[in-house]
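Pasting protein-v9.txt here (compact mmCIF, C-alpha atoms):
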```txt
# COMPACT_ATOMS: atom_id res chain seq x y z
CA MET A 1 -2.90 -106.08 -65.20
CA THR A 2 -0.01 -108.31 -64.24
CA ILE A 3 2.56 -109.89 -66.49
CA SER A 4 2.03 -113.44 -67.62
CA THR A 5 5.00 -115.49 -68.77
CA SER A 6 3.22 -117.99 -71.01
CA LEU A 7 2.64 -117.55 -74.72
CA PRO A 8 0.45 -119.89 -76.78
CA CYS A 9 1.28 -121.07 -80.28
CA HIS A 10 -0.40 -119.38 -83.18
CA TYR A 11 0.17 -118.94 -86.88
CA LEU A 12 3.00 -116.91 -88.33
CA ARG A 13 2.11 -115.02 -91.47
CA ARG A 14 5.40 -113.81 -92.83
CA PRO A 15 6.12 -116.41 -95.50
CA ALA A 16 9.58 -117.84 -95.90
CA ILE A 17 11.02 -116.59 -92.59
CA ALA A 18 9.57 -119.06 -90.09
CA ALA A 19 12.49 -121.42 -90.51
CA LEU A 20 14.92 -118.54 -90.17
CA LEU A 21 13.21 -117.44 -86.96
CA LEU A 22 13.37 -120.95 -85.64
CA PHE A 23 17.09 -121.22 -86.27
CA LEU A 24 18.19 -117.76 -85.20
CA VAL A 25 15.92 -117.17 -82.23
CA VAL A 26 15.52 -120.58 -80.67
CA ALA A 27 18.89 -122.12 -81.41
CA ASN A 28 20.92 -119.03 -80.59
CA SER A 29 18.63 -116.36 -79.22
CA PRO A 30 20.38 -113.08 -78.46
CA LEU A 31 17.50 -112.19 -76.16
CA THR A 32 18.39 -115.04 -73.81
CA ALA A 33 22.15 -114.61 -73.91
CA SER A 34 21.98 -111.84 -71.30
CA ALA A 35 20.43 -114.10 -68.68
CA THR A 36 23.53 -114.05 -66.52
CA ARG A 37 23.97 -110.28 -66.63
CA GLN A 38 22.49 -107.70 -64.28
CA ALA A 39 19.79 -105.28 -65.47
CA ALA A 40 20.26 -102.48 -62.98
CA THR A 41 19.83 -99.69 -65.53
CA THR A 42 17.11 -101.26 -67.67
CA ARG A 43 13.50 -100.27 -67.07
CA PHE A 44 10.73 -102.85 -67.28
CA TYR A 45 7.04 -102.13 -67.72
CA SER A 46 3.68 -103.78 -67.71
CA PHE A 47 0.57 -101.71 -68.38
CA ASP A 48 -2.81 -100.54 -67.15
CA LEU A 49 -5.64 -100.65 -69.65
CA VAL A 50 -7.19 -97.20 -70.12
CA ARG A 51 -9.67 -97.90 -72.91
CA GLU A 52 -10.32 -100.26 -75.79
CA TYR A 53 -11.61 -99.34 -79.23
CA PRO A 54 -12.92 -101.31 -82.22
CA HIS A 55 -10.34 -102.25 -84.85
CA ASP A 56 -10.85 -103.82 -88.25
CA PRO A 57 -10.26 -107.56 -87.68
CA GLU A 58 -9.25 -107.90 -91.34
CA ALA A 59 -6.49 -105.30 -91.02
CA TYR A 60 -3.06 -106.91 -91.07
CA THR A 61 -1.49 -103.97 -89.28
CA GLU A 62 2.05 -103.11 -90.37
CA GLY A 63 2.20 -99.39 -89.63
CA LEU A 64 0.23 -97.24 -87.19
CA LEU A 65 0.37 -93.61 -86.09
CA TYR A 66 -1.82 -90.99 -84.48
CA GLY A 67 -3.11 -88.39 -86.93
CA GLY A 68 -4.75 -85.90 -84.57
CA ASN A 69 -8.41 -85.20 -83.86
CA ASP A 70 -9.02 -88.80 -82.76
CA THR A 71 -7.89 -90.28 -86.06
CA LEU A 72 -5.22 -92.82 -86.92
CA PHE A 73 -3.26 -93.55 -90.07
CA GLU A 74 -2.66 -97.23 -90.72
CA SER A 75 -0.76 -99.30 -93.26
CA THR A 76 -1.98 -102.87 -93.78
CA GLY A 77 -0.18 -105.80 -95.33
CA LEU A 78 -0.77 -109.07 -97.17
CA TYR A 79 -0.70 -109.47 -100.92
CA ASN A 80 -3.93 -108.38 -102.63
CA ARG A 81 -5.10 -106.82 -99.35
CA SER A 82 -2.61 -104.05 -98.59
CA SER A 83 -3.75 -100.47 -98.10
CA VAL A 84 -3.17 -97.09 -96.52
CA ARG A 85 -6.10 -95.84 -94.53
CA LYS A 86 -7.36 -93.13 -92.22
CA VAL A 87 -9.34 -94.52 -89.29
CA HIS A 88 -11.67 -92.98 -86.74
CA LEU A 89 -10.34 -93.84 -83.30
CA GLN A 90 -13.62 -94.07 -81.42
CA THR A 91 -15.46 -96.31 -83.86
CA GLY A 92 -12.70 -98.01 -85.83
CA LYS A 93 -14.43 -96.91 -89.02
CA VAL A 94 -12.20 -96.59 -92.07
CA LEU A 95 -12.74 -92.99 -93.21
CA VAL A 96 -10.44 -93.01 -96.24
CA GLN A 97 -8.63 -95.89 -97.91
CA GLN A 98 -6.18 -96.27 -100.76
CA LYS A 99 -5.75 -99.88 -101.85
CA MET A 100 -2.38 -100.96 -103.16
CA ASP A 101 -1.57 -103.07 -106.20
CA GLY A 102 -1.96 -106.77 -105.49
CA TYR A 103 1.74 -107.56 -105.84
CA LEU A 104 2.67 -105.09 -103.09
CA PHE A 105 2.78 -105.94 -99.38
CA GLY A 106 2.30 -102.79 -97.29
CA GLU A 107 4.62 -102.20 -94.37
CA GLY A 108 5.74 -99.42 -92.00
CA LEU A 109 4.17 -95.96 -92.07
CA THR A 110 5.05 -92.55 -90.66
CA LEU A 111 3.90 -88.95 -91.06
CA LEU A 112 6.22 -86.00 -91.59
CA GLY A 113 4.43 -82.74 -92.21
CA ASP A 114 1.67 -83.53 -94.68
CA ARG A 115 3.50 -86.49 -96.20
CA LEU A 116 2.85 -90.11 -95.30
CA PHE A 117 5.84 -92.38 -95.97
CA GLN A 118 5.15 -96.08 -96.47
CA LEU A 119 7.45 -99.06 -96.96
CA THR A 120 6.77 -102.36 -98.74
CA TRP A 121 7.94 -105.80 -97.73
CA MET A 122 10.69 -107.67 -99.57
CA THR A 123 11.54 -104.61 -101.70
CA ASN A 124 13.41 -101.33 -101.41
CA ILE A 125 10.41 -99.45 -102.81
CA GLY A 126 8.29 -97.07 -100.81
CA PHE A 127 5.53 -94.53 -101.38
CA ILE A 128 4.77 -90.99 -100.27
CA TYR A 129 1.12 -89.95 -99.96
CA ASP A 130 -0.52 -86.60 -99.36
CA ARG A 131 -2.20 -87.04 -95.97
CA HIS A 132 -5.23 -85.13 -97.27
CA ASN A 133 -5.49 -86.97 -100.58
CA PHE A 134 -4.16 -90.53 -100.73
CA SER A 135 -4.54 -90.63 -104.50
CA LYS A 136 -1.63 -88.19 -104.75
CA ARG A 137 1.23 -90.67 -104.52
CA GLU A 138 4.88 -90.78 -105.54
CA SER A 139 7.40 -93.59 -105.17
CA PHE A 140 10.90 -93.70 -103.75
CA THR A 141 13.68 -96.20 -103.18
CA HIS A 142 15.63 -96.68 -99.97
CA GLN A 143 18.92 -98.29 -98.97
CA MET A 144 17.68 -100.65 -96.27
CA ASN A 145 17.79 -104.39 -96.91
CA ASP A 146 14.00 -104.62 -96.60
CA GLY A 147 11.06 -102.51 -95.52
CA TRP A 148 9.56 -103.20 -92.08
CA GLY A 149 9.07 -100.20 -89.79
CA LEU A 150 9.13 -96.40 -90.03
CA ALA A 151 9.01 -93.53 -87.54
CA THR A 152 10.15 -89.92 -87.37
CA ASP A 153 11.24 -87.30 -84.88
CA GLY A 154 10.25 -84.58 -87.30
CA LYS A 155 13.79 -84.30 -88.67
CA VAL A 156 14.88 -87.75 -89.85
CA LEU A 157 13.14 -91.00 -90.73
CA PHE A 158 13.91 -94.01 -88.58
CA GLY A 159 13.63 -97.35 -90.36
CA SER A 160 13.88 -101.06 -89.65
CA ASP A 161 14.39 -103.97 -92.03
CA GLY A 162 13.76 -106.97 -89.79
CA THR A 163 17.34 -107.12 -88.52
CA SER A 164 18.90 -105.49 -85.46
CA THR A 165 19.79 -102.36 -87.45
CA LEU A 166 18.03 -99.07 -86.81
CA TYR A 167 18.46 -96.67 -89.74
CA GLN A 168 18.29 -92.88 -89.83
CA MET A 169 17.40 -91.48 -93.25
CA ASN A 170 17.18 -88.06 -94.82
CA PRO A 171 13.45 -87.52 -95.52
CA LYS A 172 14.18 -85.63 -98.73
CA SER A 173 16.78 -87.86 -100.37
CA LEU A 174 16.02 -91.07 -98.43
CA GLU A 175 19.77 -91.56 -98.09
CA VAL A 176 20.94 -93.31 -94.94
CA LYS A 177 22.61 -90.81 -92.61
CA LYS A 178 23.36 -93.16 -89.72
CA MET A 179 22.96 -96.78 -88.68
CA VAL A 180 23.09 -98.19 -85.16
CA THR A 181 22.85 -101.79 -84.02
CA VAL A 182 20.14 -102.28 -81.43
CA LYS A 183 21.56 -104.17 -78.46
CA TYR A 184 20.51 -105.30 -75.04
CA HIS A 185 23.51 -105.83 -72.76
CA ASP A 186 25.84 -106.21 -75.74
CA ASP A 187 23.57 -108.75 -77.49
CA GLU A 188 21.88 -107.80 -80.74
CA VAL A 189 18.08 -107.58 -80.76
CA PRO A 190 16.86 -108.79 -84.18
CA PHE A 191 13.47 -108.64 -85.92
CA LEU A 192 12.78 -104.97 -85.19
CA ASN A 193 9.35 -104.37 -86.69
CA GLU A 194 6.87 -101.48 -86.40
CA LEU A 195 8.39 -98.30 -84.95
CA GLU A 196 7.21 -95.20 -83.10
CA TYR A 197 9.14 -92.19 -81.84
CA VAL A 198 8.21 -91.38 -78.23
CA ASN A 199 9.94 -88.82 -76.04
CA ASP A 200 13.43 -89.11 -77.57
CA GLU A 201 13.23 -92.90 -77.85
CA VAL A 202 12.36 -95.22 -80.72
CA TRP A 203 9.89 -97.86 -79.62
CA ALA A 204 10.03 -101.07 -81.62
CA ASN A 205 7.78 -104.09 -81.77
CA VAL A 206 10.11 -107.09 -81.67
CA TYR A 207 8.69 -109.71 -84.02
CA PRO A 208 7.13 -112.09 -83.10
CA THR A 209 7.06 -111.39 -79.35
CA ASP A 210 4.52 -109.49 -77.26
CA CYS A 211 7.20 -107.01 -76.25
CA ILE A 212 8.20 -103.50 -77.22
CA ALA A 213 11.85 -102.45 -76.95
CA ARG A 214 12.51 -98.86 -75.97
CA VAL A 215 15.63 -97.90 -77.89
CA SER A 216 18.02 -94.98 -77.65
CA PRO A 217 18.43 -93.77 -81.24
CA ASP A 218 21.84 -92.32 -80.40
CA ASP A 219 23.60 -95.61 -79.73
CA GLY A 220 20.98 -98.33 -80.22
CA GLN A 221 20.95 -99.42 -76.59
CA VAL A 222 17.69 -100.88 -75.28
CA VAL A 223 16.80 -98.77 -72.24
CA GLY A 224 13.50 -100.43 -71.44
CA TRP A 225 11.16 -103.35 -72.18
CA ILE A 226 7.35 -103.27 -72.29
CA SER A 227 5.49 -106.56 -71.91
CA LEU A 228 2.00 -106.64 -73.45
CA HIS A 229 1.34 -110.36 -73.38
CA GLU A 230 -1.98 -110.03 -71.56
CA LEU A 231 -3.59 -108.06 -74.39
CA LYS A 232 -3.25 -110.92 -76.83
CA GLN A 233 -4.10 -113.49 -74.19
CA HIS A 234 -7.33 -111.63 -73.45
CA LEU A 235 -8.30 -111.79 -77.13
CA LEU A 236 -7.47 -115.48 -77.34
CA ASP A 237 -9.50 -116.18 -74.20
CA SER A 238 -12.41 -114.29 -75.79
CA GLY A 239 -12.38 -116.65 -78.78
CA ASP A 240 -10.40 -114.50 -81.20
CA THR A 241 -8.11 -117.36 -82.16
CA HIS A 242 -7.43 -116.05 -85.68
CA ILE A 243 -5.31 -113.12 -84.47
CA ASP A 244 -1.67 -112.72 -85.33
CA VAL A 245 1.20 -110.96 -83.55
CA LEU A 246 1.29 -107.70 -81.66
CA ASN A 247 2.25 -104.96 -84.12
CA GLY A 248 1.35 -101.30 -84.11
CA ILE A 249 2.28 -98.42 -81.80
CA ALA A 250 0.76 -94.94 -82.00
CA TRP A 251 1.70 -91.99 -79.79
CA ASP A 252 -0.53 -88.97 -79.18
CA GLU A 253 2.12 -86.45 -78.20
CA GLU A 254 -0.35 -83.72 -77.25
CA LYS A 255 -2.39 -85.80 -74.81
CA HIS A 256 0.35 -88.33 -73.97
CA ARG A 257 -1.71 -91.31 -75.02
CA ILE A 258 -0.28 -94.66 -76.14
CA PHE A 259 -2.24 -96.90 -78.53
CA VAL A 260 -1.32 -100.44 -79.51
CA THR A 261 -2.87 -103.18 -81.61
CA GLY A 262 -1.87 -106.22 -83.63
CA LYS A 263 -2.28 -107.95 -86.97
CA LEU A 264 -5.90 -109.05 -87.44
CA TRP A 265 -6.82 -107.82 -83.96
CA PRO A 266 -10.46 -106.74 -83.47
CA LYS A 267 -9.40 -104.26 -80.78
CA LEU A 268 -7.07 -101.30 -80.43
CA TYR A 269 -5.99 -100.44 -76.92
CA GLU A 270 -5.07 -97.27 -75.10
CA ILE A 271 -2.64 -98.18 -72.35
CA LYS A 272 -0.68 -96.50 -69.58
CA LEU A 273 2.70 -97.93 -68.68
CA ARG A 274 3.32 -99.22 -65.19
CA PRO A 275 6.88 -99.82 -63.99
CA VAL A 276 7.56 -103.30 -62.65
CA ASN A 277 10.55 -105.04 -61.18
CA GLY A 278 12.46 -106.81 -63.90
CA PRO A 279 14.17 -110.17 -63.46
CA PRO A 280 17.28 -109.87 -61.26
CA ASP A 281 19.41 -111.39 -63.99
CA GLY A 282 17.94 -109.11 -66.65
CA SER A 283 16.64 -111.97 -68.83
CA VAL A 284 13.95 -110.74 -71.19
CA GLU A 285 13.03 -114.33 -72.04
CA LYS A 286 10.95 -114.32 -68.86
CA LEU A 287 9.04 -111.25 -69.96
CA CYS A 288 8.98 -111.89 -73.71
CA PRO A 289 8.56 -115.66 -74.01
CA MET A 290 9.35 -117.13 -77.39
CA PHE A 291 9.34 -120.85 -76.69
CA TRP A 292 6.54 -121.49 -79.17
CA LEU A 293 8.92 -120.79 -82.03
CA ARG A 294 10.07 -124.38 -81.66
CA ASN A 295 6.89 -125.21 -83.57
CA ALA A 296 7.24 -122.44 -86.14
CA GLN A 297 8.03 -124.88 -88.93
CA HIS A 298 4.64 -126.51 -88.46
CA ASP A 299 2.68 -123.31 -87.89
CA ALA A 300 3.91 -121.33 -90.90
CA VAL A 301 1.13 -120.38 -93.31
CA LEU A 302 2.12 -119.65 -96.88
CA PHE A 303 -0.19 -117.58 -99.03
```
Target format structure tokens, applied to this file:
Amino acid sequence: MTISTSLPCHYLRRPAIAALLLFLVVANSPLTASATRQAATTRFYSFDLVREYPHDPEAYTEGLLYGGNDTLFESTGLYNRSSVRKVHLQTGKVLVQQKMDGYLFGEGLTLLGDRLFQLTWMTNIGFIYDRHNFSKRESFTHQMNDGWGLATDGKVLFGSDGTSTLYQMNPKSLEVKKMVTVKYHDDEVPFLNELEYVNDEVWANVYPTDCIARVSPDDGQVVGWISLHELKQHLLDSGDTHIDVLNGIAWDEEKHRIFVTGKLWPKLYEIKLRPVNGPPDGSVEKLCPMFWLRNAQHDAVLF
């Protein structure tokens, strides 16, 4: 597949932040401020589609990870609809599900040992589940400003709170050990969302774009950009106009497989990255178009 540079309007479903997105990203976007700089050391990628799988079209995906043996663990959001679930990769069937209390909005999810860590939106509360028995649950509090994304390298927890900050937390105490500001050519990259740890990098969905930033956890520098616009465009062209943003990255370390999906997407995709030539000036606006945010005030859906 080739990279397309157009992005249609569709509905945002994070209440109360559409206006903030409009102001911060359109009026003074840090992702466009690097347009006059060179990108000699940054890697850019499109993708080849390996396989597509069914995915629950009612799942508002906030966290995704590979659980082994062709299973996935997934955290879904929305009030009165949030859950933690175990999903069969091949069929998309929900094998096990733990629904959350209606006042909670499920967010990022990661697995460390036999413990699933989950964040919740607009709070500093999270939950730890036994991967073999979701009913065994304990709560924790964290020091991030909000709960968006989680990942792990097996030693620390990486977290995002919707800003440009990437946190490293002690998985036992949940205390913040280190914070780095994610930057691309000295400009902050905000709205870091779902996270995955892949080969010594933290991969981050950048809300609400169709791009994934490949981040060095040591210093927060973006070392690569992945453009996945064509996945969403394919769904829209197929009549799936209800879908929301790209969100969800899962990495099968053993077989080196990458899986991605989005909120309310009926498909989950296995992809293989393909290097492409990036813009000579290094502008990610050309690869991760965000012009439709000009209409975010009108497209926001409150629920």
* From A:Asp237, A:Glu270, A:Asp281, A:Glu138, residue lying nearest A:Thr42 [all atoms listed in the file] -> A:Asp281
* Name all residues at most 7 Å from stretch 272-280 of chain A (count only C-alpha atoms; drop same-chain ones fewer than 6 positions away) and give them as a list in words. => Gln38, Ala39, Phe44, Tyr45, Ser46, Phe47, Asp48, Leu49, Val50 and Ile258 of chain A
* Compile the contact shell of A:Gly159 as an MDAnalysis selection string: residues with an atom at most 10 Å away, counting all atoms listed in the file, same-chain residues fewer than 5 positions apart removed. => chainID A and resid 108:110 119 142 144 146:152 165:169 176 179 192:196 202
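When atom CA of A:Gln233 is paired with atom CA of A:Asp210, their separation reads 10.0 Å.
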* Nearby residues (all atoms listed in the file) at most 9 Å from stretch 171-173 of chain A, same-chain spacing under 3 positions excluded, as a list in words -> Leu112, Phe140, His142, Lys155, Val156, Leu157 and Val176 of chain A
Put those residues in a file: C-alpha atoms, as a compact mmCIF listing (two decimals), in the coordinates of the input.
```txt
# COMPACT_ATOMS: atom_id res chain seq x y z
CA LEU A 112 6.22 -86.00 -91.59
CA PHE A 140 10.90 -93.70 -103.75
CA HIS A 142 15.63 -96.68 -99.97
CA LYS A 155 13.79 -84.30 -88.67
CA VAL A 156 14.88 -87.75 -89.85
CA LEU A 157 13.14 -91.00 -90.73
CA VAL A 176 20.94 -93.31 -94.94
```
* To do: Name the residues in contact with A:Thr261 at a cut-off of 8 Å, using only C-alpha atoms, excluding same-chain residues fewer than 3 positions from it; report them as an NGL selection string.
  => :A and (61 or 246-249 or 265 or 267-269)
